[in-house]
Amino acid sequence: MAKKFRLFHCCDLHGSEKCWRKFLRAAEYYNCDAVIAAGDLTGKVIIPIIETKPGQYVIRIFGRIEKFKEDKLEKWKKTIRDSGYYPWMMTKEEVEEVKDDPQKQDEIFSKVMEAEMARWVKMADEIVPKGKLVIANPGNDDRFVVDEQILESERVIYPLHRVVELGGTYQMVSCEWVNPTPWDSPRECSEEELEKKIRKEINRLDDFENAIFNFHAPPKGTGLGTCPKLDTSVKPPKPVTRFLRPVYTDAGSVAVRKVIDEFQPLLGLHGHIHESKGKYKLGRTMVFNAGSEYTSGILHGIILTLEPGRLVQYMPVEA
């Protein structure tokens, strides 16, 4: 009897260090051979920690102002990181220098993302037992500066632009790009261009019976891309309502659906749309979106048990 392979899949952690630690512990806790954090790893907000006097600090977080001393500094840094934000030490003078300078703000954000991603990949060395595979890739919201931090890691596998062999049987290809969104994110493109990118990755495979498509965009028409419709005529875009109720739309990708229908891999692993966790079957292919509640520190994941040519079991979990 072929040995079963257990894979833990999650997505859209968006800078929540609490979720990242839970992800790293999932390999041992759920007895999985490999764990994958698939897309949108980085946070979206910096929380400046301003030193008002030597050893005294102030921050604005959760809609209120908090003042504290040196002995509470590390505690507040942890609170910030666990919430999916980035702490950044600044003086009052530095705040004044950058507050009206978008370019400097952008430079700081990239610098912080790099530093925090370096911390994350180092944590994998400390937490994950030897012999377990750790895989992490950016998603459409992630700036390109973070890729190098994963590539330089000897412990975390960067799955883009290659085939990742899993358990000697399964082959996984990945694509972090998505179809157009209202947010003009770093890694989005037209459906036509997305299909080209995906097909380039698929061409690396030689065994579709045991193939895994790790594509951040969910396939259209599966319910894995259902989200509130946004009015893009205003900045920032706002939800469309009808009779005071939100209007929903399918943000799934036509290109991703097309290639799954055509090639029929064993699995499709997706994310991108946080509120649309679930599963769907396209022919022989089971496709999944693990969903995300990163702001609450809740890790959503799916444990997938595989045998050659078939998905034996899947189990959604949250921690």
# chains A, B, ... in the order shown; residues from 1 in each chain; ligands from 1
call {"tool": "residues_around", "arguments": {"residues": "region 244-251 of chain A", "least_positions_apart": "5", "cutoff": "9 Å", "atoms": "only C-alpha atoms", "output": "list in words"}}
result
Asn179, Pro180, Thr181, Ala217, Pro218, Pro219, Lys220, Gly221, Thr222, Gly223, Leu224, Gly225, Thr226, Cys227, Pro228, Lys229, Leu230, Pro239 and Ile273 of chain A
call {"tool": "residues_around", "arguments": {"residues": "Ser190 (chain A)", "least_positions_apart": "3", "cutoff": "12 Å", "atoms": "only C-alpha atoms", "output": "PyMOL selection string"}}
result
chain A and resi 177-181+184+187+193-197+253-256
call {"tool": "write_last_selection", "arguments": {"atoms": "C-alpha atoms", "output": "compact mmCIF listing (two decimals), in the first residue's frame"}}
result
# COMPACT_ATOMS: atom_id res chain seq x y z
CA TRP A 177 -0.62 36.50 -9.95
CA VAL A 178 -4.37 37.17 -10.10
CA ASN A 179 -6.91 38.63 -12.50
CA PRO A 180 -7.64 42.39 -12.21
CA THR A 181 -8.86 43.77 -8.86
CA ASP A 184 -4.20 47.83 -8.44
CA ARG A 187 0.85 41.18 -8.99
CA GLU A 193 -1.72 37.49 -19.44
CA LEU A 194 -2.60 35.37 -16.41
CA GLU A 195 -3.37 32.40 -18.64
CA LYS A 196 0.05 32.76 -20.29
CA LYS A 197 1.78 32.84 -16.91
CA SER A 253 -10.45 33.85 -12.58
CA VAL A 254 -11.61 32.69 -16.01
CA ALA A 255 -8.02 31.68 -16.86
CA VAL A 256 -7.59 29.54 -13.75
call {"tool": "closest_atom_pairs", "arguments": {"of": "region 84-191 of chain A", "to": "region 17-29 of chain A", "cutoff": "9 Å", "atoms": "only C-alpha atoms", "output": "CSV"}}
result
residue,atom,partner,partner_atom,distance
A:Gly84,CA,A:Glu17,CA,6.6
A:Tyr85,CA,A:Glu17,CA,8.8
A:Trp120,CA,A:Trp20,CA,7.6
A:Met123,CA,A:Arg21,CA,8.0
A:Ala124,CA,A:Leu24,CA,6.4
A:Ile127,CA,A:Leu24,CA,6.4
A:Val128,CA,A:Leu24,CA,5.9
A:Pro129,CA,A:Glu28,CA,7.1
A:Lys132,CA,A:Ala27,CA,6.7
A:Leu133,CA,A:Ala27,CA,8.2
A:Val134,CA,A:Leu24,CA,7.7
call {"tool": "write_last_selection", "arguments": {"atoms": "N, CA and C atoms", "output": "short mmCIF file (atom, residue, chain, number, x, y, z; two decimals), in the first residue's frame"}}
result
data_model
loop_
_atom_site.label_atom_id
_atom_site.label_comp_id
_atom_site.auth_asym_id
_atom_site.auth_seq_id
_atom_site.Cartn_x
_atom_site.Cartn_y
_atom_site.Cartn_z
N GLY A 84 -1.33 41.66 12.48
CA GLY A 84 -1.10 41.82 11.05
C GLY A 84 -0.52 43.16 10.68
N TYR A 85 -0.05 43.93 11.68
CA TYR A 85 0.57 45.23 11.43
C TYR A 85 2.08 45.12 11.65
N TRP A 120 10.38 36.13 9.74
CA TRP A 120 9.47 34.99 9.58
C TRP A 120 10.20 33.74 9.10
N MET A 123 12.13 32.12 11.80
CA MET A 123 11.28 31.40 12.75
C MET A 123 11.02 29.96 12.31
N ALA A 124 11.01 29.72 11.01
CA ALA A 124 10.79 28.36 10.51
C ALA A 124 11.89 27.43 10.98
N ILE A 127 11.12 26.58 14.73
CA ILE A 127 9.86 25.95 15.13
C ILE A 127 9.60 24.62 14.44
N VAL A 128 9.88 24.53 13.14
CA VAL A 128 9.46 23.35 12.37
C VAL A 128 10.46 22.21 12.52
N PRO A 129 10.00 21.01 12.87
CA PRO A 129 10.90 19.87 13.02
C PRO A 129 11.60 19.53 11.70
N LYS A 132 10.23 17.99 7.91
CA LYS A 132 8.95 18.55 7.45
C LYS A 132 9.23 19.65 6.43
N LEU A 133 8.47 19.67 5.35
CA LEU A 133 8.65 20.70 4.32
C LEU A 133 7.85 21.94 4.67
N VAL A 134 8.48 23.10 4.53
CA VAL A 134 7.81 24.39 4.73
C VAL A 134 7.86 25.15 3.41
#
call {"tool": "closest_residue", "arguments": {"among": "A:Asp231, A:Glu74, A:Asp33, A:Asp125", "to": "Ile49 (chain A)", "atoms": "only C-alpha atoms"}}
result
A:Glu74
call {"tool": "atom_distance", "arguments": {"atom1": "CA of Glu293 (chain A)", "atom2": "CA of Thr241 (chain A)"}}
result
23.1 Å
